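S.K.: Pasting target-v5.txt below, which is compact mmCIF, C-alpha atoms.
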# COMPACT_ATOMS: atom_id res chain seq x y z
CA MET A 1 210.33 190.95 126.12
CA ALA A 2 207.17 192.98 126.32
CA THR A 3 207.62 194.22 122.78
CA THR A 4 208.11 190.69 121.51
CA SER A 5 205.00 189.49 123.26
CA VAL A 6 203.07 192.38 121.84
CA GLY A 7 204.37 191.59 118.36
CA SER A 8 203.52 187.93 118.77
CA ILE A 9 200.02 188.90 119.84
CA ASP A 10 199.56 191.46 117.03
CA PHE A 11 200.64 189.08 114.24
CA PRO A 12 197.57 186.80 114.40
CA GLN A 13 195.38 189.86 114.69
CA ARG A 14 196.93 191.41 111.58
CA LYS A 15 196.56 188.08 109.77
CA ALA A 16 192.91 187.88 110.76
CA ALA A 17 192.38 191.47 109.63
CA ARG A 18 194.02 190.70 106.28
CA LEU A 19 191.78 187.67 105.82
CA ARG A 20 188.76 189.73 106.65
CA PHE A 21 189.84 192.30 104.06
CA GLN A 22 190.18 189.56 101.42
CA ASP A 23 186.72 188.28 102.29
CA ARG A 24 185.28 191.77 102.03
CA ARG A 25 187.00 192.26 98.69
CA ARG A 26 185.65 188.96 97.40
CA LEU A 27 182.14 189.85 98.52
CA PHE A 28 182.49 193.26 96.87
CA LEU A 29 183.50 191.68 93.55
CA ILE A 30 180.64 189.19 93.79
CA ALA A 31 178.22 192.05 94.44
CA LEU A 32 179.49 193.80 91.31
CA ALA A 33 179.01 190.64 89.22
CA VAL A 34 175.55 189.71 90.50
CA PRO A 35 173.59 192.33 88.47
CA ALA A 36 175.31 191.27 85.24
CA VAL A 37 174.68 187.58 85.97
CA VAL A 38 171.03 188.24 86.79
CA TYR A 39 170.66 190.28 83.60
CA VAL A 40 172.17 187.52 81.46
CA VAL A 41 169.99 184.86 83.10
CA LEU A 42 166.77 186.84 82.74
CA ILE A 43 167.40 188.30 79.28
CA ALA A 44 169.32 185.48 77.55
CA LEU A 45 169.35 182.14 79.35
CA TRP A 46 165.78 182.05 80.63
CA PRO A 47 164.11 182.87 77.27
CA LEU A 48 166.45 180.41 75.56
CA ALA A 49 165.55 177.64 78.00
CA GLN A 50 161.87 178.51 77.67
CA GLY A 51 162.13 178.37 73.87
CA ILE A 52 163.78 174.95 74.03
CA TRP A 53 161.04 173.74 76.38
CA TYR A 54 158.20 175.04 74.20
CA SER A 55 159.70 173.42 71.09
CA PHE A 56 158.79 169.97 72.46
CA PHE A 57 155.10 170.82 72.69
CA ASP A 58 152.21 171.34 70.31
CA TYR A 59 151.50 174.80 71.68
CA ASN A 60 149.14 177.04 69.70
CA LEU A 61 147.45 179.98 71.41
CA LEU A 62 144.48 179.81 69.01
CA ARG A 63 143.74 176.13 69.56
CA GLY A 64 142.46 174.44 72.69
CA GLY A 65 142.66 177.48 74.92
CA GLY A 66 146.43 177.57 74.65
CA ARG A 67 146.87 174.07 76.07
CA ARG A 68 150.19 172.34 75.50
CA THR A 69 150.59 168.77 74.32
CA PHE A 70 153.98 167.08 74.49
CA VAL A 71 155.05 165.96 71.00
CA GLY A 72 158.79 165.40 71.46
CA LEU A 73 160.80 166.15 68.32
CA ALA A 74 157.75 166.45 66.07
CA ASN A 75 158.22 170.20 65.59
CA TYR A 76 161.82 169.67 64.48
CA ALA A 77 160.76 166.86 62.15
CA GLU A 78 158.19 169.20 60.61
CA LEU A 79 161.01 171.55 59.63
CA TRP A 80 162.29 168.92 57.21
CA THR A 81 158.86 167.82 55.92
CA ASP A 82 157.46 171.33 55.47
CA SER A 83 158.47 172.65 52.04
CA THR A 84 158.15 176.27 53.19
CA ALA A 85 160.50 175.66 56.12
CA ARG A 86 163.04 173.92 53.87
CA ARG A 87 162.91 176.82 51.41
CA ALA A 88 163.37 179.29 54.26
CA LEU A 89 166.41 177.37 55.51
CA ILE A 90 167.97 177.27 52.03
CA ASN A 91 167.28 180.97 51.48
CA THR A 92 168.90 181.79 54.81
CA PHE A 93 172.08 179.90 53.96
CA VAL A 94 172.23 181.44 50.48
CA PHE A 95 171.68 184.91 51.89
CA THR A 96 174.30 184.43 54.61
CA PHE A 97 177.10 183.06 52.44
CA ALA A 98 176.49 185.42 49.52
CA ALA A 99 176.13 188.55 51.63
CA VAL A 100 179.08 187.82 53.93
CA ALA A 101 181.35 186.85 51.03
CA LEU A 102 180.58 190.05 49.09
CA GLU A 103 180.89 192.19 52.20
CA PHE A 104 184.26 190.68 53.04
CA VAL A 105 185.67 191.14 49.53
CA PHE A 106 184.41 194.71 49.16
CA GLY A 107 185.28 195.56 52.75
CA LEU A 108 188.84 194.31 52.34
CA CYS A 109 189.27 196.32 49.15
CA LEU A 110 187.97 199.46 50.85
CA ALA A 111 190.18 198.88 53.89
CA LEU A 112 193.26 198.54 51.69
CA LEU A 113 192.35 201.73 49.83
CA LEU A 114 191.89 203.65 53.09
CA TRP A 115 194.95 202.15 54.80
CA ARG A 116 197.22 205.11 54.19
CA GLU A 117 196.84 208.17 56.37
CA GLY A 118 195.51 211.29 54.69
CA ARG A 119 192.80 213.89 54.87
CA PHE A 120 191.03 212.53 51.81
CA ASN A 121 190.95 209.01 53.28
CA ARG A 122 189.56 210.31 56.58
CA ILE A 123 186.80 212.19 54.75
CA CYS A 124 185.96 209.10 52.70
CA LEU A 125 185.87 207.00 55.86
CA ALA A 126 183.42 209.43 57.48
CA PHE A 127 181.05 209.21 54.50
CA LEU A 128 181.56 205.46 54.29
CA LEU A 129 180.13 204.93 57.76
CA ILE A 130 176.80 206.57 56.95
CA PRO A 131 175.02 203.32 55.90
CA VAL A 132 175.99 201.65 59.19
CA THR A 133 174.28 204.40 61.20
CA ILE A 134 170.93 203.75 59.50
CA THR A 135 168.72 201.06 61.00
CA PRO A 136 167.91 198.07 58.74
CA VAL A 137 164.20 198.92 58.78
CA VAL A 138 164.87 202.38 57.37
CA VAL A 139 167.29 200.95 54.82
CA GLY A 140 164.61 198.53 53.67
CA LEU A 141 162.04 201.30 53.36
CA ILE A 142 164.47 203.47 51.38
CA PHE A 143 165.29 200.76 48.86
CA ARG A 144 161.66 199.66 48.58
CA ALA A 145 160.81 203.24 47.66
CA LEU A 146 163.73 203.53 45.24
CA LEU A 147 162.84 200.25 43.50
CA ALA A 148 159.07 200.82 43.34
CA VAL A 149 157.83 200.57 39.77
CA ASP A 150 155.23 203.36 39.92
CA TYR A 151 157.15 206.08 41.80
CA GLY A 152 160.65 204.75 42.50
CA PHE A 153 163.65 206.77 41.35
CA PHE A 154 165.34 203.65 39.96
CA GLY A 155 162.42 201.24 39.72
CA TYR A 156 160.40 203.36 37.32
CA TYR A 157 163.17 203.66 34.73
CA LEU A 158 164.28 200.03 35.16
CA ALA A 159 160.71 198.93 34.39
CA GLU A 160 160.37 201.39 31.50
CA TRP A 161 163.57 200.10 29.92
CA GLY A 162 162.47 196.49 30.39
CA ILE A 163 165.33 195.61 32.73
CA SER A 164 163.32 194.72 35.83
CA GLY A 165 160.02 193.59 34.36
CA PRO A 166 156.63 195.25 34.82
CA ARG A 167 156.44 194.59 38.57
CA GLY A 168 160.02 195.41 39.51
CA PHE A 169 162.90 193.43 41.00
CA LEU A 170 161.36 192.98 44.45
CA ALA A 171 158.30 191.27 42.89
CA SER A 172 160.38 188.86 40.81
CA THR A 173 160.88 185.35 42.16
CA SER A 174 164.31 185.10 40.56
CA ALA A 175 165.64 188.60 41.32
CA ALA A 176 164.15 189.40 44.74
CA LEU A 177 166.70 187.44 46.80
CA PRO A 178 169.78 188.80 44.97
CA VAL A 179 168.42 192.34 45.34
CA VAL A 180 167.89 191.85 49.09
CA ILE A 181 171.44 190.49 49.35
CA LEU A 182 172.80 193.57 47.59
CA ILE A 183 170.85 195.82 49.96
CA ASP A 184 172.45 194.07 52.92
CA VAL A 185 175.86 194.37 51.25
CA TRP A 186 175.32 198.12 50.79
CA GLU A 187 174.55 198.57 54.47
CA TRP A 188 177.12 196.34 56.17
CA THR A 189 180.19 196.47 53.91
CA PRO A 190 181.37 199.68 55.65
CA LEU A 191 181.32 197.88 59.01
CA VAL A 192 183.49 195.06 57.66
CA ALA A 193 185.80 197.63 56.08
CA LEU A 194 186.11 199.47 59.40
CA ILE A 195 186.99 196.28 61.29
CA LEU A 196 189.57 195.24 58.70
CA LEU A 197 190.97 198.78 58.55
CA ALA A 198 191.51 198.72 62.32
CA GLY A 199 193.38 195.43 61.91
CA LEU A 200 195.52 196.83 59.09
CA LYS A 201 196.47 199.90 61.11
CA SER A 202 197.58 197.69 64.01
CA LEU A 203 200.05 195.71 61.89
CA PRO A 204 203.73 196.24 62.77
CA GLY A 205 205.29 198.55 60.20
CA ASP A 206 208.81 197.16 60.60
CA ILE A 207 207.78 193.76 59.23
CA LEU A 208 206.24 195.36 56.14
CA GLU A 209 209.32 197.53 55.65
CA ALA A 210 211.57 194.48 55.96
CA ALA A 211 209.52 192.59 53.40
CA SER A 212 209.67 195.56 51.04
CA ALA A 213 213.42 195.84 51.55
CA ASP A 214 213.82 192.16 50.68
CA GLY A 215 212.25 192.86 47.29
CA ALA A 216 208.77 191.44 47.90
CA THR A 217 206.12 192.77 45.58
CA ALA A 218 202.88 194.31 46.81
CA LEU A 219 200.99 191.09 46.09
CA GLN A 220 203.61 189.00 47.90
CA ARG A 221 203.55 191.32 50.92
CA PHE A 222 199.78 191.06 51.03
CA ARG A 223 199.69 187.26 50.67
CA LEU A 224 202.67 186.35 52.86
CA VAL A 225 202.69 189.12 55.48
CA VAL A 226 199.49 191.16 55.65
CA LEU A 227 196.90 188.41 55.29
CA PRO A 228 198.43 186.01 57.87
CA LEU A 229 198.75 188.81 60.42
CA LEU A 230 195.20 189.94 59.66
CA LEU A 231 193.60 186.54 60.35
CA PRO A 232 192.32 187.38 63.87
CA THR A 233 190.63 190.50 62.52
CA VAL A 234 189.21 188.53 59.58
CA PHE A 235 187.83 185.99 62.02
CA LEU A 236 186.14 188.73 64.06
CA ALA A 237 184.57 190.35 61.00
CA LEU A 238 183.31 187.07 59.55
CA VAL A 239 181.86 185.76 62.79
CA LEU A 240 180.06 189.02 63.56
CA ARG A 241 178.56 189.22 60.10
CA VAL A 242 177.60 185.53 59.93
CA MET A 243 175.80 185.78 63.26
CA ASP A 244 173.92 188.86 62.11
CA ALA A 245 173.22 187.79 58.52
CA PHE A 246 171.86 184.36 59.44
CA ARG A 247 169.15 185.92 61.60
CA VAL A 248 168.19 188.50 58.99
CA PHE A 249 164.65 189.76 59.44
CA ASP A 250 164.28 193.53 59.16
CA ILE A 251 165.32 194.11 55.57
CA ILE A 252 163.40 191.14 54.18
CA PHE A 253 160.26 191.85 56.19
CA VAL A 254 160.16 195.50 55.09
CA THR A 255 161.04 195.04 51.42
CA THR A 256 159.38 191.77 50.38
CA GLY A 257 157.76 190.28 53.48
CA GLY A 258 159.30 186.94 52.50
CA GLY A 259 157.79 186.98 49.02
CA PRO A 260 157.06 186.81 46.23
CA GLY A 261 155.88 183.36 47.19
CA ASP A 262 158.71 182.04 49.35
CA ALA A 263 161.52 183.47 47.24
CA THR A 264 162.99 185.58 50.06
CA ASN A 265 161.53 183.79 53.05
CA SER A 266 164.17 183.32 55.79
CA LEU A 267 164.14 181.33 59.01
CA MET A 268 163.56 184.39 61.16
CA VAL A 269 160.78 185.73 58.93
CA TYR A 270 159.12 182.31 58.86
CA GLY A 271 159.52 181.93 62.63
CA VAL A 272 158.01 185.36 63.33
CA LYS A 273 155.07 184.56 61.06
CA GLN A 274 154.49 181.24 62.83
CA GLY A 275 154.73 182.81 66.27
CA LEU A 276 153.03 186.19 65.87
CA GLN A 277 150.70 185.60 62.91
CA PHE A 278 149.58 182.00 63.43
CA PHE A 279 150.46 181.89 67.18
CA ASN A 280 152.10 178.48 66.73
CA ILE A 281 154.52 178.93 69.64
CA GLY A 282 155.90 175.39 69.64
CA PHE A 283 156.85 175.36 65.97
CA ALA A 284 158.19 178.93 66.12
CA SER A 285 160.39 177.96 69.08
CA ALA A 286 161.78 175.02 67.11
CA ILE A 287 162.61 177.35 64.20
CA GLY A 288 164.46 179.70 66.54
CA ASN A 289 166.42 176.85 68.11
CA VAL A 290 167.46 175.53 64.70
CA ALA A 291 168.66 179.02 63.76
CA ILE A 292 170.75 179.23 66.94
CA LEU A 293 172.22 175.79 66.27
CA CYS A 294 173.11 176.70 62.69
CA ILE A 295 174.81 179.91 63.85
CA ALA A 296 176.83 177.97 66.41
CA VAL A 297 177.92 175.42 63.81
CA LEU A 298 178.92 178.12 61.33
CA CYS A 299 180.93 180.01 63.96
CA ALA A 300 182.67 176.80 65.01
CA ALA A 301 183.52 176.05 61.37
CA PHE A 302 184.98 179.54 60.92
CA THR A 303 187.01 179.06 64.11
CA LEU A 304 188.51 175.82 62.83
CA LEU A 305 189.28 177.29 59.40
CA ILE A 306 190.95 180.38 60.85
CA ARG A 307 192.99 178.28 63.30
CA ARG A 308 194.21 176.00 60.53
CA ALA A 309 195.11 178.96 58.37
CA ASP A 310 196.92 180.57 61.30
CA VAL A 311 198.89 177.39 61.97
CA ARG A 312 199.89 177.11 58.33
CA ALA A 313 200.92 180.76 58.23
CA ASN A 314 203.10 180.33 61.34
CA GLU A 315 204.71 177.19 59.91
CA THR A 316 205.69 178.95 56.71
Would you mind writing the structure in this file as structure tokens?
M.R.:
Amino acid sequence: MATTSVGSIDFPQRKAARLRFQDRRRLFLIALAVPAVVYVVLIALWPLAQGIWYSFFDYNLLRGGGRRTFVGLANYAELWTDSTARRALINTFVFTFAAVALEFVFGLCLALLLWREGRFNRICLAFLLIPVTITPVVVGLIFRALLAVDYGFFGYYLAEWGISGPRGFLASTSAALPVVILIDVWEWTPLVALILLAGLKSLPGDILEAASADGATALQRFRLVVLPLLLPTVFLALVLRVMDAFRVFDIIFVTTGGGPGDATNSLMVYGVKQGLQFFNIGFASAIGNVAILCIAVLCAAFTLLIRRADVRANET
């Protein structure tokens, strides 16, 4: 009887101790998460909220002692009435779609070429990753030097042969944007190839062997087996590159500075000029918010397209 009473007394105590352990564990996990939450709030959410708030004001540090005047959506309306802002928006979309499309096509071709295991492929992959390790600013400086008309390794001969004109490609209003796109393609195609190559290497080999045994050609295996299974990896590569390409700044700022004229002006370059050159904080904040909104819309569109393609692939 004494043992039973002791057991009956110990059971609530053990239950209380277990609850206290769960509370301590919960508090420990919360303590681990607090620094990350504080970091995200201070580094991401607070500047974003501040940028949204400033975009509703006529806020110029050079005018009126930095006083702010509430103007509502006037800064956003100015984006559509200002011809320079419209050109920057169009250039950004052209740059994003052209660069990402070329990078995906070239990256997929490189990934397919490097799919098989071998020493030669591993050596090629090591050299292929060199452009990714170089910062965009350095890449821009390298290509600006290479394409310079007076001392550039390529620019001098291209100008002498009459291919690029007397001032070079980067000074041409018609050729500057395509050249900047190709520079971005040179730098980031290896990253897309690496992502797609990782997806190819994770594909189940038995499915490919079964398709080959059934008499499917290489093109049929790629279209009916490889590409549907690769859709999640394709989605990852496209979203990462769209997010990065739409906010392009470094390469354009170093090579052309947004010129000649507004031929290569992008939203980020125009926003930085408005904020740090003309100190028009309100208008610059509106430009940044529009860029964020466009990136979100593009990523959502890619998500819907990939989901529909995945559903169709599963149905077939």
S.K.: Residues at most 12 Å from region 138-146 of chain A, counting only C-alpha atoms, excluding those fewer than 4 positions away in the same chain, as a VMD selection string?
M.R.: chain A and resid 130 to 134 150 to 158 168 to 171 176 179 to 188 248 to 257
S.K.: Let me make sure I understand: among A:Leu73, A:Cys294, A:Leu276, A:Ala218, which one has the smallest atom-to-atom distance to Ile52 (chain A) if we use all atoms listed in the file?
M.R.: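 Counting all atoms listed in the file, the residue closest to Ile52 (chain A) is A:Leu73.
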S.K.: Taking into account all atoms listed in the file, which residue in the set A:Thr303, A:Ser285, A:Ser164, A:Ser266 is nearest to Ile90 (chain A)?
M.R.: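 Nearest candidate to Ile90 (chain A) out of A:Thr303, A:Ser285, A:Ser164, A:Ser266: A:Ser266.
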S.K.: So how far away is CA of Leu147 (chain A) from CA of Pro166 (chain A), in Å?
M.R.: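 According to the coordinates, CA of Pro166 (chain A) and CA of Leu147 (chain A) are separated by 11.8 Å.
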S.K.: Out of A:Gly165, A:Gly288, A:Gly72, A:Gly199, which residue has the shortest atom-to-atom distance to Leu267 (chain A) when counting all atoms listed in the file?
M.R.: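 Closest to Leu267 (chain A) of all the choices is A:Gly288.
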S.K.: Find the spatial neighbours of Ile295 (chain A), counting all atoms listed in the file, within a cut-off of 9 Å - ignore same-chain residues fewer than 5 positions away - and output them as a PDB file with C-alpha atoms, in the frame of the given file.
M.R.:
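Saved as result_18.pdb:
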ATOM      1  CA  VAL A 242     177.600 185.530  59.930  1.00  0.00           C
ATOM      2  CA  MET A 243     175.800 185.780  63.260  1.00  0.00           C
ATOM      3  CA  PHE A 246     171.860 184.360  59.440  1.00  0.00           C
ATOM      4  CA  ARG A 247     169.150 185.920  61.600  1.00  0.00           C
ATOM      5  CA  VAL A 290     167.460 175.530  64.700  1.00  0.00           C
ATOM      6  CA  ALA A 300     182.670 176.800  65.010  1.00  0.00           C
TER       7      ALA A 300
END
S.K.: How many Å separate CA of Phe302 (chain A) from CA of Phe106 (chain A)?
M.R.: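 It comes out at 19.2 Å.
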S.K.: Residues near region 56-70 of chain A, anyone? I mean within 9 Å using all atoms listed in the file, not counting same-chain ones fewer than 2 positions away, as a ChimeraX atom specification.
M.R.: /A:52-54,72-76,275,278-283,285-286
S.K.: Hey, can you check how far CA of Asn91 (chain A) sits from CA of Leu177 (chain A)?
M.R.: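 A separation of 8.0 Å between them.
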S.K.: Could you check the closest approach to Ala245 (chain A) for each of A:Trp161, A:Tyr270, A:Phe120, A:Phe95 and tell me which residue wins, using all atoms listed in the file?
M.R.: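 Distance minimum relative to Ala245 (chain A) lands on A:Phe95.
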S.K.: Find the residue from A:Leu293, A:Ala198, A:Ala284, A:Leu108 that sits nearest to Leu79 (chain A); use all atoms listed in the file when measuring.
M.R.: A:Ala284
S.K.: Would you mind telling me which residue in A:Glu160, A:Asp82, A:Asp310, A:Asp262 lies nearest to Thr173 (chain A) when using only C-alpha atoms?
M.R.: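 The shortest atom-to-atom distance to Thr173 (chain A) comes from A:Asp262.
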S.K.: Pick out the residues sitting within 7 Å of Leu128 (chain A), and hand them over as an NGL selection string; count only C-alpha atoms, and ignore anything fewer than 3 positions along from it in its own chain.
M.R.: :A and (124-125 or 190)
S.K.: Which residues are close to Phe104 (chain A), i.e. within 12 Å by all atoms listed in the file, leaving aside same-chain residues fewer than 4 positions away? Reply as an NGL selection string.
M.R.: :A and (96-100 or 108-111 or 185-186 or 188-197 or 233-242)
S.K.: Take every atom of region 282-293 of chain A listed in the file, pad by 8 Å on each side, and give me the axis-aligned box centre and edge lengths in Å, one decimal, as JSON.
M.R.:
{"center_x": 164.1, "center_y": 177.4, "center_z": 66.7, "size_x": 32.3, "size_y": 20.7, "size_z": 21.9}
